[in-house]
Amino acid sequence: MALVEVSGLKPFSETSGQIFGTRQTHLVDRTNHYSFGSSVREFAVPVGEEPSGFLTSCNKEGGVNIEMNHGTTTLAFKFRHGVIVAVDSRASAGRYLASNDVNKVIEINPYLLGTMSGSAADCQYWERLLAKECRLYRLRNNHRISVAAASKLLCNMMLGYKGMGLSVGSMICGWDKEGPGLYYVDENGNRLSGRMFSTGCGNSYAYGVVDSGYREDMTVEEAYELGRRGIAHATHRDAYSGGVVNMYHMKEDGWIKVCKEDVSELIHRYREGMF
Amino acid sequence: MEYLIGIQGPDYVLVAADNVAASSIIQMKHDYDKMFKLSEKILLLCVGEAGDTVQFAEYIQKNVQLYKMRNGYELSPSAAANFTRKNLADYLRSRTPYHVNLLLAGHDESDGPGLFYMDYMASLAKAPFAAHGYGAFLTLSILDRYYRPDLSRDEAVELLRKCVEELNKRFILNLPSFNVRLIDKDGIHDMEKITLTAK
């Protein structure tokens, strides 16, 4: 995919237009939000189709029962020594537990991480596409993309398909010239820079634990413990989160993977103070 | 959920916006700035659907700056407001309308200060004072009661404070702090944030 663009080879849909001698029909109407990326849209959407309406009809009342993967808790916070990223690893499809060992952090490059919550397929696809764009940026401009720019790219991708049923709640974490960076991007085109975010259906529980235990001058070990606690307590209360805690630490010289611990073991360890 | 307010005086416009960026029941950010600087003397305050607000406001912002680059002089506040409204109206009946509510405040050399109220249906009204959001139901009557066209700057800030106090007293949602800015012939001035604990 990347080589096709860089080498200037025309993508298939453009050449087919020329073969049949017709002007390339525009797959979007004129007044429309900005189309991300290349001159050819990633997915052709026929004019007049209503993807979001179709999706709402795919529920129990409509007779069909397609439930997308949704449950998650992810959190990330900035502190003196960098950014801590902690995620759970459960994938649920409605009430069915599809997997307890999913990797919800995409390693875009040694200085950029992306987390995934919402629809697993959407997150994996669009963040992989973001990784491709970041790599192209590095090759074209000879310096690494900033966290702000990477998050803006993802945000614009989301805006190109706004209202069509994407479900992505992602945090882009990295370390660039401005220092540690943390951005929250979602399918509505929301893009927020902040010191701490948590996404997924267990996010409120994580906010509670991390907000009450956070200090800007924490040591690295205290920060690891806070991240572990946030995910563990959220998975304890939220049925759709669980599995293991995957934790990363974004430092000035890149990220390191800190740990991968089973939440049930963590909860047993914390049990003394809990009940 | 979100709140915008603007008060026009004889030679200035005072505007304020709350600082909360929310997602369902969670406050994701407590220090979010909802004001966009269109030019040296024009501010656009924008609230509404997530994603639409920033995208639309940045679109207007870049186009106003492009006008200055192409023509060598800036759009007046009235021209910028009408341009914004035209864009809202054009997208209103498309497949992707922008659901945003706006206040545009500016100071023109010849026309003086101006405050323009716009909403997602692409209506436009020049008004001496205006507000957006649920908070407007509580505060518009306070503005009706105490507003005078010859308010001094301090009196306008006092009036703004009265509105914020009413919100803290009666509004069900917690809006702890507000960004305040003032526009006059010398440009845009940042004023002291109004926070819950301040008297």
# chains A, B, ... in the order shown; residues from 1 in each chain; ligands from 1
call {"tool": "residues_around", "arguments": {"residues": "Ser99 of chain A", "least_positions_apart": "3", "cutoff": "8 Å", "atoms": "only C-alpha atoms", "output": "CSV table (one decimal) with all heavy atoms, in the first residue's frame"}}
result
chain,number,residue,atom,x,y,z
A,89,SER,N,-7.5,-6.7,28.4
A,89,SER,CA,-7.3,-7.5,27.2
A,89,SER,C,-8.5,-8.3,26.8
A,89,SER,O,-8.4,-9.4,26.3
A,89,SER,CB,-6.1,-8.4,27.4
A,89,SER,OG,-6.4,-9.3,28.4
A,90,ARG,N,-9.7,-7.8,27.2
A,90,ARG,CA,-10.9,-8.6,26.9
A,90,ARG,C,-11.6,-8.1,25.7
A,90,ARG,O,-11.8,-6.9,25.5
A,90,ARG,CB,-11.9,-8.5,28.1
A,90,ARG,CG,-13.2,-9.3,27.9
A,90,ARG,CD,-13.9,-9.4,29.2
A,90,ARG,NE,-13.2,-10.4,30.0
A,90,ARG,CZ,-13.7,-10.8,31.2
A,90,ARG,NH1,-14.9,-10.3,31.6
A,90,ARG,NH2,-13.1,-11.6,32.0
A,91,ALA,N,-12.1,-9.0,24.8
A,91,ALA,CA,-12.9,-8.6,23.6
A,91,ALA,C,-14.2,-9.3,23.8
A,91,ALA,O,-14.3,-10.6,23.9
A,91,ALA,CB,-12.2,-9.1,22.3
A,92,SER,N,-15.3,-8.5,23.8
A,92,SER,CA,-16.7,-9.1,24.0
A,92,SER,C,-17.5,-8.8,22.8
A,92,SER,O,-17.4,-7.8,22.2
A,92,SER,CB,-17.3,-8.5,25.3
A,92,SER,OG,-17.3,-7.1,25.2
A,102,VAL,N,-6.4,-10.1,24.1
A,102,VAL,CA,-6.3,-9.3,22.9
A,102,VAL,C,-5.3,-8.2,23.2
A,102,VAL,O,-5.2,-7.7,24.3
A,102,VAL,CB,-7.6,-8.6,22.6
A,102,VAL,CG1,-7.5,-7.6,21.4
A,102,VAL,CG2,-8.7,-9.6,22.3
call {"tool": "residues_around", "arguments": {"residues": "Val15 of chain B", "least_positions_apart": "2", "cutoff": "8 Å", "atoms": "only C-alpha atoms", "output": "VMD selection string"}}
result
chain B and resid 4 to 7 13 17 105 180 to 182
call {"tool": "residues_around", "arguments": {"residues": "segment 158-162 of chain B", "least_positions_apart": "4", "cutoff": "12 Å", "atoms": "only C-alpha atoms", "output": "compact mmCIF listing (two decimals) with all heavy atoms, in the first residue's frame"}}
result
# COMPACT_ATOMS: atom_id res chain seq x y z
N LEU B 4 -22.08 29.60 26.55
CA LEU B 4 -21.37 30.74 25.97
C LEU B 4 -22.15 31.99 26.30
O LEU B 4 -23.38 31.96 26.34
CB LEU B 4 -21.32 30.63 24.44
CG LEU B 4 -20.64 29.44 23.80
CD1 LEU B 4 -20.79 29.54 22.30
CD2 LEU B 4 -19.18 29.40 24.17
N ILE B 5 -21.43 33.10 26.52
CA ILE B 5 -22.12 34.36 26.77
C ILE B 5 -21.32 35.50 26.17
O ILE B 5 -20.08 35.45 26.15
CB ILE B 5 -22.36 34.58 28.28
CG1 ILE B 5 -23.11 35.89 28.52
CG2 ILE B 5 -21.05 34.56 29.05
CD1 ILE B 5 -23.52 36.09 29.95
N GLY B 6 -22.02 36.53 25.64
CA GLY B 6 -21.35 37.70 25.11
C GLY B 6 -22.10 38.94 25.50
O GLY B 6 -23.33 38.95 25.52
N ILE B 7 -21.37 40.00 25.85
CA ILE B 7 -21.97 41.29 26.22
C ILE B 7 -21.25 42.38 25.45
O ILE B 7 -20.01 42.46 25.52
CB ILE B 7 -21.83 41.55 27.74
CG1 ILE B 7 -22.45 40.41 28.53
CG2 ILE B 7 -22.46 42.87 28.12
CD1 ILE B 7 -22.23 40.53 30.03
N GLN B 8 -22.03 43.22 24.73
CA GLN B 8 -21.40 44.29 23.96
C GLN B 8 -21.52 45.61 24.71
O GLN B 8 -22.59 45.95 25.22
CB GLN B 8 -22.09 44.42 22.60
CG GLN B 8 -21.46 45.47 21.71
CD GLN B 8 -22.41 45.91 20.61
OE1 GLN B 8 -23.13 45.09 20.05
NE2 GLN B 8 -22.42 47.20 20.32
N GLY B 9 -20.40 46.33 24.77
CA GLY B 9 -20.43 47.65 25.40
C GLY B 9 -20.28 48.74 24.36
O GLY B 9 -20.35 48.46 23.16
N VAL B 13 -16.32 44.31 23.38
CA VAL B 13 -17.23 43.17 23.53
C VAL B 13 -16.58 42.24 24.55
O VAL B 13 -15.40 41.93 24.45
CB VAL B 13 -17.44 42.38 22.21
CG1 VAL B 13 -18.54 41.35 22.39
CG2 VAL B 13 -17.75 43.30 21.07
N LEU B 14 -17.37 41.81 25.52
CA LEU B 14 -16.87 40.88 26.54
C LEU B 14 -17.49 39.52 26.26
O LEU B 14 -18.70 39.42 26.08
CB LEU B 14 -17.30 41.37 27.92
CG LEU B 14 -16.81 40.57 29.12
CD1 LEU B 14 -15.34 40.78 29.33
CD2 LEU B 14 -17.58 41.00 30.36
N VAL B 15 -16.66 38.47 26.21
CA VAL B 15 -17.19 37.12 25.95
C VAL B 15 -16.62 36.15 26.98
O VAL B 15 -15.51 36.33 27.46
CB VAL B 15 -16.85 36.61 24.53
CG1 VAL B 15 -17.66 37.33 23.49
CG2 VAL B 15 -15.38 36.71 24.25
N ALA B 16 -17.41 35.13 27.26
CA ALA B 16 -16.95 34.09 28.18
C ALA B 16 -17.51 32.75 27.74
O ALA B 16 -18.59 32.67 27.16
CB ALA B 16 -17.41 34.39 29.61
N ALA B 17 -16.74 31.66 28.05
CA ALA B 17 -17.18 30.31 27.72
C ALA B 17 -16.73 29.39 28.85
O ALA B 17 -15.71 29.64 29.49
CB ALA B 17 -16.55 29.85 26.41
N PHE B 129 -26.45 41.52 23.62
CA PHE B 129 -25.97 40.46 24.49
C PHE B 129 -26.61 39.16 24.04
O PHE B 129 -27.69 39.16 23.45
CB PHE B 129 -26.29 40.75 25.97
CG PHE B 129 -27.74 40.99 26.23
CD1 PHE B 129 -28.61 39.93 26.44
CD2 PHE B 129 -28.24 42.28 26.26
CE1 PHE B 129 -29.96 40.15 26.67
CE2 PHE B 129 -29.58 42.51 26.50
CZ PHE B 129 -30.44 41.44 26.69
N ALA B 130 -25.93 38.05 24.31
CA ALA B 130 -26.44 36.76 23.83
C ALA B 130 -25.82 35.65 24.66
O ALA B 130 -24.76 35.83 25.27
CB ALA B 130 -26.08 36.56 22.36
N ALA B 131 -26.49 34.48 24.65
CA ALA B 131 -25.95 33.32 25.36
C ALA B 131 -26.42 32.05 24.67
O ALA B 131 -27.48 32.03 24.03
CB ALA B 131 -26.42 33.32 26.82
N LEU B 138 -31.28 30.43 32.18
CA LEU B 138 -31.21 31.06 33.50
C LEU B 138 -30.67 32.48 33.44
O LEU B 138 -31.00 33.30 34.28
CB LEU B 138 -30.29 30.22 34.40
CG LEU B 138 -30.83 28.83 34.76
CD1 LEU B 138 -29.71 27.97 35.28
CD2 LEU B 138 -31.91 28.97 35.81
N THR B 139 -29.82 32.78 32.45
CA THR B 139 -29.09 34.04 32.50
C THR B 139 -29.59 35.12 31.56
O THR B 139 -29.28 36.29 31.76
CB THR B 139 -27.60 33.78 32.19
OG1 THR B 139 -27.51 33.06 30.98
CG2 THR B 139 -26.95 33.00 33.32
N LEU B 140 -30.36 34.78 30.53
CA LEU B 140 -30.81 35.82 29.60
C LEU B 140 -31.67 36.85 30.31
O LEU B 140 -31.60 38.06 30.01
CB LEU B 140 -31.58 35.20 28.43
CG LEU B 140 -30.68 34.67 27.31
CD1 LEU B 140 -31.49 33.91 26.29
CD2 LEU B 140 -29.94 35.80 26.63
N SER B 141 -32.46 36.42 31.28
CA SER B 141 -33.31 37.39 31.99
C SER B 141 -32.46 38.32 32.84
O SER B 141 -32.80 39.50 32.99
CB SER B 141 -34.33 36.66 32.84
OG SER B 141 -33.67 35.74 33.66
N ILE B 142 -31.37 37.83 33.38
CA ILE B 142 -30.47 38.69 34.16
C ILE B 142 -29.88 39.75 33.23
O ILE B 142 -29.79 40.94 33.59
CB ILE B 142 -29.34 37.86 34.78
CG1 ILE B 142 -29.92 36.85 35.75
CG2 ILE B 142 -28.33 38.76 35.49
CD1 ILE B 142 -28.91 35.96 36.39
N LEU B 143 -29.51 39.33 32.03
CA LEU B 143 -28.98 40.30 31.06
C LEU B 143 -30.07 41.30 30.67
O LEU B 143 -29.81 42.50 30.58
CB LEU B 143 -28.45 39.56 29.83
CG LEU B 143 -27.19 38.71 30.08
CD1 LEU B 143 -26.95 37.74 28.95
CD2 LEU B 143 -25.98 39.60 30.28
N ASP B 144 -31.30 40.82 30.46
CA ASP B 144 -32.40 41.74 30.13
C ASP B 144 -32.56 42.79 31.23
O ASP B 144 -32.76 43.96 30.95
CB ASP B 144 -33.73 40.95 30.02
CG ASP B 144 -33.85 40.25 28.67
OD1 ASP B 144 -33.32 40.78 27.68
OD2 ASP B 144 -34.47 39.17 28.64
N ARG B 145 -32.47 42.32 32.48
CA ARG B 145 -32.77 43.21 33.61
C ARG B 145 -31.69 44.25 33.83
O ARG B 145 -31.98 45.42 34.07
CB ARG B 145 -32.93 42.33 34.87
CG ARG B 145 -32.92 43.03 36.20
CD ARG B 145 -34.18 43.82 36.44
NE ARG B 145 -34.15 44.50 37.74
CZ ARG B 145 -33.58 45.66 37.96
NH1 ARG B 145 -32.95 46.29 36.96
NH2 ARG B 145 -33.59 46.21 39.16
N TYR B 146 -30.41 43.84 33.73
CA TYR B 146 -29.34 44.73 34.18
C TYR B 146 -28.52 45.34 33.05
O TYR B 146 -27.67 46.18 33.30
CB TYR B 146 -28.39 43.99 35.13
CG TYR B 146 -29.03 43.62 36.43
CD1 TYR B 146 -29.43 42.31 36.68
CD2 TYR B 146 -29.27 44.58 37.41
CE1 TYR B 146 -30.02 41.97 37.87
CE2 TYR B 146 -29.86 44.24 38.60
CZ TYR B 146 -30.25 42.93 38.83
OH TYR B 146 -30.84 42.60 40.01
N TYR B 147 -28.75 44.93 31.81
CA TYR B 147 -27.91 45.45 30.73
C TYR B 147 -28.27 46.89 30.41
O TYR B 147 -29.45 47.27 30.38
CB TYR B 147 -28.09 44.59 29.48
CG TYR B 147 -27.32 45.12 28.29
CD1 TYR B 147 -25.96 44.86 28.14
CD2 TYR B 147 -27.94 45.92 27.32
CE1 TYR B 147 -25.25 45.35 27.07
CE2 TYR B 147 -27.23 46.43 26.25
CZ TYR B 147 -25.89 46.14 26.13
OH TYR B 147 -25.18 46.64 25.08
N ARG B 148 -27.21 47.70 30.15
CA ARG B 148 -27.41 49.05 29.61
C ARG B 148 -26.40 49.22 28.49
O ARG B 148 -25.28 48.72 28.60
CB ARG B 148 -27.18 50.12 30.67
CG ARG B 148 -28.24 50.23 31.72
CD ARG B 148 -27.90 51.31 32.75
NE ARG B 148 -26.53 51.74 32.73
CZ ARG B 148 -25.56 51.30 33.54
NH1 ARG B 148 -25.84 50.39 34.44
NH2 ARG B 148 -24.32 51.77 33.44
N LEU B 151 -22.61 50.39 29.52
CA LEU B 151 -21.92 49.70 30.62
C LEU B 151 -20.42 49.96 30.52
O LEU B 151 -19.85 49.92 29.45
CB LEU B 151 -22.14 48.20 30.52
CG LEU B 151 -23.44 47.60 31.03
CD1 LEU B 151 -23.50 46.13 30.67
CD2 LEU B 151 -23.53 47.74 32.54
N SER B 152 -19.79 50.22 31.66
CA SER B 152 -18.34 50.30 31.66
C SER B 152 -17.78 48.87 31.68
O SER B 152 -18.53 47.92 31.90
CB SER B 152 -17.84 51.05 32.90
OG SER B 152 -17.94 50.20 34.02
N ARG B 153 -16.46 48.75 31.47
CA ARG B 153 -15.88 47.40 31.41
C ARG B 153 -16.04 46.67 32.74
O ARG B 153 -16.39 45.49 32.77
CB ARG B 153 -14.40 47.46 31.05
CG ARG B 153 -14.21 47.75 29.58
CD ARG B 153 -12.89 48.34 29.24
NE ARG B 153 -13.00 49.06 27.97
CZ ARG B 153 -12.20 48.87 26.94
NH1 ARG B 153 -11.22 48.00 27.03
NH2 ARG B 153 -12.37 49.56 25.84
N ASP B 154 -15.79 47.38 33.83
CA ASP B 154 -15.93 46.72 35.14
C ASP B 154 -17.36 46.30 35.39
O ASP B 154 -17.63 45.23 35.93
CB ASP B 154 -15.46 47.66 36.26
CG ASP B 154 -13.97 47.89 36.19
OD1 ASP B 154 -13.26 46.96 35.75
OD2 ASP B 154 -13.52 48.99 36.55
N GLU B 166 -25.42 32.81 39.20
CA GLU B 166 -26.74 32.20 39.04
C GLU B 166 -26.60 30.76 38.54
O GLU B 166 -27.32 29.87 39.01
CB GLU B 166 -27.58 33.03 38.06
CG GLU B 166 -28.96 32.48 37.80
CD GLU B 166 -29.84 32.43 39.03
OE1 GLU B 166 -29.51 33.09 40.03
OE2 GLU B 166 -30.84 31.69 39.00
N LEU B 167 -25.66 30.54 37.62
CA LEU B 167 -25.44 29.19 37.12
C LEU B 167 -24.98 28.28 38.27
O LEU B 167 -25.45 27.16 38.43
CB LEU B 167 -24.40 29.17 36.02
CG LEU B 167 -24.80 29.72 34.66
CD1 LEU B 167 -23.66 29.61 33.69
CD2 LEU B 167 -26.01 29.00 34.12
N ASN B 168 -24.04 28.77 39.08
CA ASN B 168 -23.54 27.96 40.18
C ASN B 168 -24.65 27.66 41.18
O ASN B 168 -24.64 26.61 41.82
CB ASN B 168 -22.40 28.68 40.90
CG ASN B 168 -21.13 28.68 40.06
OD1 ASN B 168 -20.94 27.80 39.23
ND2 ASN B 168 -20.29 29.67 40.24
N LYS B 169 -25.59 28.60 41.27
CA LYS B 169 -26.66 28.41 42.26
C LYS B 169 -27.74 27.44 41.77
O LYS B 169 -28.17 26.56 42.51
CB LYS B 169 -27.29 29.77 42.53
CG LYS B 169 -28.19 29.80 43.72
CD LYS B 169 -28.53 31.24 44.09
CE LYS B 169 -29.53 31.25 45.22
NZ LYS B 169 -30.50 32.31 45.14
N SER B 177 -15.24 26.52 35.93
CA SER B 177 -14.48 27.72 35.54
C SER B 177 -14.84 28.18 34.14
O SER B 177 -15.35 27.40 33.32
CB SER B 177 -12.98 27.44 35.63
OG SER B 177 -12.60 26.57 34.62
N PHE B 178 -14.58 29.47 33.88
CA PHE B 178 -14.93 30.10 32.61
C PHE B 178 -13.75 30.92 32.10
O PHE B 178 -13.16 31.69 32.85
CB PHE B 178 -16.13 31.04 32.80
CG PHE B 178 -17.39 30.34 33.17
CD1 PHE B 178 -17.61 29.95 34.49
CD2 PHE B 178 -18.35 30.06 32.23
CE1 PHE B 178 -18.76 29.28 34.84
CE2 PHE B 178 -19.52 29.40 32.57
CZ PHE B 178 -19.73 29.01 33.89
N ASN B 179 -13.48 30.78 30.80
CA ASN B 179 -12.51 31.66 30.13
C ASN B 179 -13.19 32.97 29.83
O ASN B 179 -14.32 32.97 29.34
CB ASN B 179 -12.12 31.05 28.78
CG ASN B 179 -10.87 30.22 28.88
OD1 ASN B 179 -10.32 30.08 29.95
ND2 ASN B 179 -10.41 29.71 27.77
N VAL B 180 -12.51 34.10 30.08
CA VAL B 180 -13.10 35.40 29.77
C VAL B 180 -12.15 36.18 28.88
O VAL B 180 -10.95 36.24 29.16
CB VAL B 180 -13.37 36.21 31.06
CG1 VAL B 180 -14.06 37.52 30.74
CG2 VAL B 180 -14.18 35.40 32.04
N ARG B 181 -12.67 36.78 27.80
CA ARG B 181 -11.82 37.62 26.94
C ARG B 181 -12.58 38.88 26.57
O ARG B 181 -13.80 38.90 26.50
CB ARG B 181 -11.44 36.86 25.67
CG ARG B 181 -10.49 35.71 25.94
CD ARG B 181 -9.76 35.27 24.69
NE ARG B 181 -8.63 34.43 25.05
CZ ARG B 181 -8.65 33.10 25.04
NH1 ARG B 181 -9.73 32.47 24.65
NH2 ARG B 181 -7.60 32.42 25.41
N LEU B 182 -11.81 39.94 26.31
CA LEU B 182 -12.40 41.23 25.95
C LEU B 182 -11.78 41.70 24.64
O LEU B 182 -10.57 41.65 24.48
CB LEU B 182 -12.13 42.24 27.07
CG LEU B 182 -12.81 43.59 26.91
CD1 LEU B 182 -13.56 43.94 28.17
CD2 LEU B 182 -11.82 44.67 26.58
N GLU B 192 -9.05 37.63 33.62
CA GLU B 192 -8.91 36.62 34.65
C GLU B 192 -10.03 35.59 34.54
O GLU B 192 -11.18 35.95 34.39
CB GLU B 192 -8.98 37.30 36.00
CG GLU B 192 -8.27 36.59 37.12
CD GLU B 192 -8.58 37.27 38.44
OE1 GLU B 192 -8.48 38.50 38.48
OE2 GLU B 192 -8.97 36.56 39.38
N LYS B 193 -9.65 34.31 34.64
CA LYS B 193 -10.67 33.24 34.59
C LYS B 193 -11.63 33.40 35.76
O LYS B 193 -11.19 33.70 36.87
CB LYS B 193 -9.98 31.89 34.75
CG LYS B 193 -9.74 31.17 33.47
CD LYS B 193 -9.36 29.74 33.76
CE LYS B 193 -8.74 29.16 32.51
NZ LYS B 193 -8.45 27.76 32.58
N ILE B 194 -12.89 33.14 35.53
CA ILE B 194 -13.86 33.12 36.64
C ILE B 194 -13.98 31.69 37.11
O ILE B 194 -14.34 30.79 36.34
CB ILE B 194 -15.23 33.64 36.15
CG1 ILE B 194 -15.10 35.08 35.72
CG2 ILE B 194 -16.25 33.52 37.28
CD1 ILE B 194 -16.42 35.72 35.34
N THR B 195 -13.64 31.44 38.37
CA THR B 195 -13.72 30.08 38.89
C THR B 195 -14.69 30.02 40.05
O THR B 195 -15.04 31.03 40.64
CB THR B 195 -12.35 29.57 39.37
OG1 THR B 195 -11.79 30.56 40.23
CG2 THR B 195 -11.43 29.33 38.22
N LEU B 196 -15.06 28.81 40.43
CA LEU B 196 -16.09 28.58 41.42
C LEU B 196 -15.77 29.22 42.75
O LEU B 196 -16.63 29.77 43.41
CB LEU B 196 -16.23 27.07 41.61
CG LEU B 196 -17.54 26.56 42.18
CD1 LEU B 196 -18.68 27.00 41.34
CD2 LEU B 196 -17.50 25.05 42.25
N ALA B 198 -13.75 31.77 43.36
CA ALA B 198 -13.45 33.21 43.37
C ALA B 198 -14.67 34.00 43.80
O ALA B 198 -15.80 33.68 43.43
CB ALA B 198 -12.98 33.65 41.99
N LYS B 199 -14.45 35.07 44.52
CA LYS B 199 -15.59 35.91 44.98
C LYS B 199 -15.91 36.96 43.93
O LYS B 199 -15.01 37.63 43.47
CB LYS B 199 -15.21 36.61 46.30
CG LYS B 199 -15.21 35.70 47.48
CD LYS B 199 -16.60 35.64 48.14
CE LYS B 199 -16.64 34.72 49.32
NZ LYS B 199 -16.55 33.33 48.96
call {"tool": "residues_around", "arguments": {"residues": "segment 175-180 of chain A", "least_positions_apart": "4", "cutoff": "10 Å", "atoms": "only C-alpha atoms", "output": "list of chain:residue names"}}
result
A:Lys78, A:Phe79, A:Arg80, A:His81, A:Gly82, A:Val83, A:Pro110, A:Tyr111, A:Leu112, A:Leu113, A:Arg144, A:Ile145, A:Ser146, A:Val147, A:Ala148, A:Arg195, A:Met250, A:Lys251, A:Glu252, A:Asp253, A:Gly254, A:Trp255
call {"tool": "interface_residues", "arguments": {"of": "chain A", "to": "chain B", "cutoff": "12 Å", "atoms": "only C-alpha atoms", "output": "ChimeraX atom specification"}}
result
/A:28-34,47-50,152,155-164,169,183-208,211
call {"tool": "closest_residue", "arguments": {"among": "A:Cys259, A:Val85, A:Ile267, A:Leu154", "to": "Cys173 of chain A", "atoms": "only C-alpha atoms"}}
result
A:Val85
call {"tool": "select_by_dssp", "arguments": {"residues": "segment 10-161 of chain B", "states": "helix (DSSP H, G or I)", "output": "number ranges by chain"}}
result
B: 52-71, 77-92, 135-146, 153-161
call {"tool": "atom_distance", "arguments": {"atom1": "atom CA of Gly135 of chain B", "atom2": "atom CA of Leu115 of chain B"}}
result
18.4 Å
call {"tool": "residues_around", "arguments": {"residues": "Cys46 of chain B", "least_positions_apart": "2", "cutoff": "10 Å", "atoms": "only C-alpha atoms", "output": "list in words"}}
result
Glu2, Tyr3, Leu4, Ala17, Asp33, Lys34, Met35, Phe36, Leu43, Leu44, Gly48, Glu49, Asp52, Thr53, Val54, Phe56, Ala57, Val100, Asn101, Leu102, Leu103, Leu104, Met118, Asp119 and His132 of chain B
call {"tool": "write_last_selection", "arguments": {"atoms": "N, CA, C and O atoms", "output": "compact mmCIF listing (two decimals), in the first residue's frame"}}
result
# COMPACT_ATOMS: atom_id res chain seq x y z
N GLU B 2 -23.00 22.95 27.69
CA GLU B 2 -21.95 23.95 27.50
C GLU B 2 -22.59 25.34 27.53
O GLU B 2 -23.78 25.46 27.27
N TYR B 3 -21.76 26.33 27.80
CA TYR B 3 -22.32 27.67 27.98
C TYR B 3 -21.44 28.71 27.34
O TYR B 3 -20.22 28.71 27.54
N LEU B 4 -22.08 29.60 26.55
CA LEU B 4 -21.37 30.74 25.97
C LEU B 4 -22.15 31.99 26.30
O LEU B 4 -23.38 31.96 26.34
N ALA B 17 -16.74 31.66 28.05
CA ALA B 17 -17.18 30.31 27.72
C ALA B 17 -16.73 29.39 28.85
O ALA B 17 -15.71 29.64 29.49
N ASP B 33 -10.46 25.23 25.85
CA ASP B 33 -10.72 26.57 25.36
C ASP B 33 -11.67 26.50 24.17
O ASP B 33 -11.33 25.93 23.13
N LYS B 34 -12.86 27.10 24.28
CA LYS B 34 -13.85 27.03 23.21
C LYS B 34 -13.83 28.25 22.32
O LYS B 34 -14.71 28.41 21.48
N MET B 35 -12.82 29.11 22.48
CA MET B 35 -12.75 30.32 21.65
C MET B 35 -11.69 30.15 20.58
O MET B 35 -10.58 29.68 20.86
N PHE B 36 -12.02 30.56 19.36
CA PHE B 36 -11.09 30.46 18.24
C PHE B 36 -10.80 31.86 17.73
O PHE B 36 -11.71 32.62 17.43
N LEU B 43 -13.20 37.03 17.50
CA LEU B 43 -13.19 35.74 18.19
C LEU B 43 -14.44 34.96 17.80
O LEU B 43 -15.53 35.53 17.72
N LEU B 44 -14.27 33.65 17.63
CA LEU B 44 -15.43 32.79 17.36
C LEU B 44 -15.58 31.82 18.53
O LEU B 44 -14.65 31.07 18.82
N GLY B 48 -21.30 22.66 20.52
CA GLY B 48 -22.21 21.81 19.77
C GLY B 48 -21.70 20.39 19.73
O GLY B 48 -21.04 19.93 20.66
N GLU B 49 -21.98 19.70 18.64
CA GLU B 49 -21.64 18.28 18.54
C GLU B 49 -20.13 18.08 18.51
O GLU B 49 -19.41 18.85 17.88
N ASP B 52 -17.66 18.23 15.22
CA ASP B 52 -18.14 19.29 14.34
C ASP B 52 -17.61 20.64 14.77
O ASP B 52 -17.25 21.47 13.93
N THR B 53 -17.58 20.90 16.10
CA THR B 53 -17.20 22.22 16.59
C THR B 53 -15.80 22.59 16.12
O THR B 53 -15.61 23.62 15.47
N VAL B 54 -14.82 21.74 16.44
CA VAL B 54 -13.44 22.08 16.09
C VAL B 54 -13.28 22.13 14.58
O VAL B 54 -12.64 23.03 14.03
N PHE B 56 -15.50 22.76 12.13
CA PHE B 56 -16.12 23.92 11.51
C PHE B 56 -15.38 25.20 11.89
O PHE B 56 -15.09 26.04 11.03
N ALA B 57 -15.05 25.34 13.17
CA ALA B 57 -14.39 26.56 13.62
C ALA B 57 -13.02 26.72 12.97
O ALA B 57 -12.65 27.81 12.54
N VAL B 100 -23.58 23.07 15.18
CA VAL B 100 -22.79 23.94 16.05
C VAL B 100 -23.57 25.20 16.35
O VAL B 100 -24.31 25.70 15.51
N ASN B 101 -23.38 25.73 17.57
CA ASN B 101 -23.95 27.02 17.96
C ASN B 101 -22.81 27.98 18.22
O ASN B 101 -21.84 27.61 18.88
N LEU B 102 -22.93 29.19 17.67
CA LEU B 102 -21.78 30.09 17.67
C LEU B 102 -22.10 31.47 18.21
O LEU B 102 -23.22 31.96 18.09
N LEU B 103 -21.06 32.10 18.77
CA LEU B 103 -21.09 33.53 19.02
C LEU B 103 -19.85 34.10 18.35
O LEU B 103 -18.75 33.60 18.57
N LEU B 104 -20.03 35.14 17.54
CA LEU B 104 -18.88 35.77 16.91
C LEU B 104 -18.79 37.18 17.46
O LEU B 104 -19.75 37.94 17.42
N MET B 118 -25.27 33.05 16.23
CA MET B 118 -25.64 32.13 15.15
C MET B 118 -25.98 30.79 15.75
O MET B 118 -25.38 30.39 16.75
N ASP B 119 -26.92 30.07 15.13
CA ASP B 119 -27.17 28.73 15.64
C ASP B 119 -27.13 27.71 14.52
O ASP B 119 -26.90 28.04 13.35
N HIS B 132 -25.62 30.98 24.80
CA HIS B 132 -25.96 29.67 24.23
C HIS B 132 -25.93 28.63 25.33
O HIS B 132 -25.18 28.76 26.29
call {"tool": "atom_distance", "arguments": {"atom1": "atom CA of Ala86 of chain A", "atom2": "atom CA of Met247 of chain A"}}
result
4.3 Å
call {"tool": "select_by_dssp", "arguments": {"residues": "segment 12-75 of chain B", "states": "strand (DSSP E or B)", "output": "PyMOL selection string"}}
result
chain B and resi 12-18+21-23+26-29+35-39+42-48
call {"tool": "atom_distance", "arguments": {"atom1": "atom CA of His99 of chain B", "atom2": "atom CA of Ser123 of chain B"}}
result
12.5 Å
call {"tool": "decode", "arguments": {"residues": "segment 58-66 of chain B", "atoms": "C-alpha atoms", "output": "tab-separated table (two decimals), in the first residue's frame"}}
result
chain	number	residue	atom	x	y	z
B	58	GLU	CA	-10.95	25.71	12.22
B	59	TYR	CA	-12.41	25.76	8.69
B	60	ILE	CA	-13.78	29.29	9.22
B	61	GLN	CA	-10.57	30.36	10.97
B	62	LYS	CA	-8.33	29.24	8.11
B	63	ASN	CA	-10.59	30.80	5.48
B	64	VAL	CA	-10.61	34.17	7.26
B	65	GLN	CA	-6.80	34.03	7.41
B	66	LEU	CA	-6.68	33.06	3.73
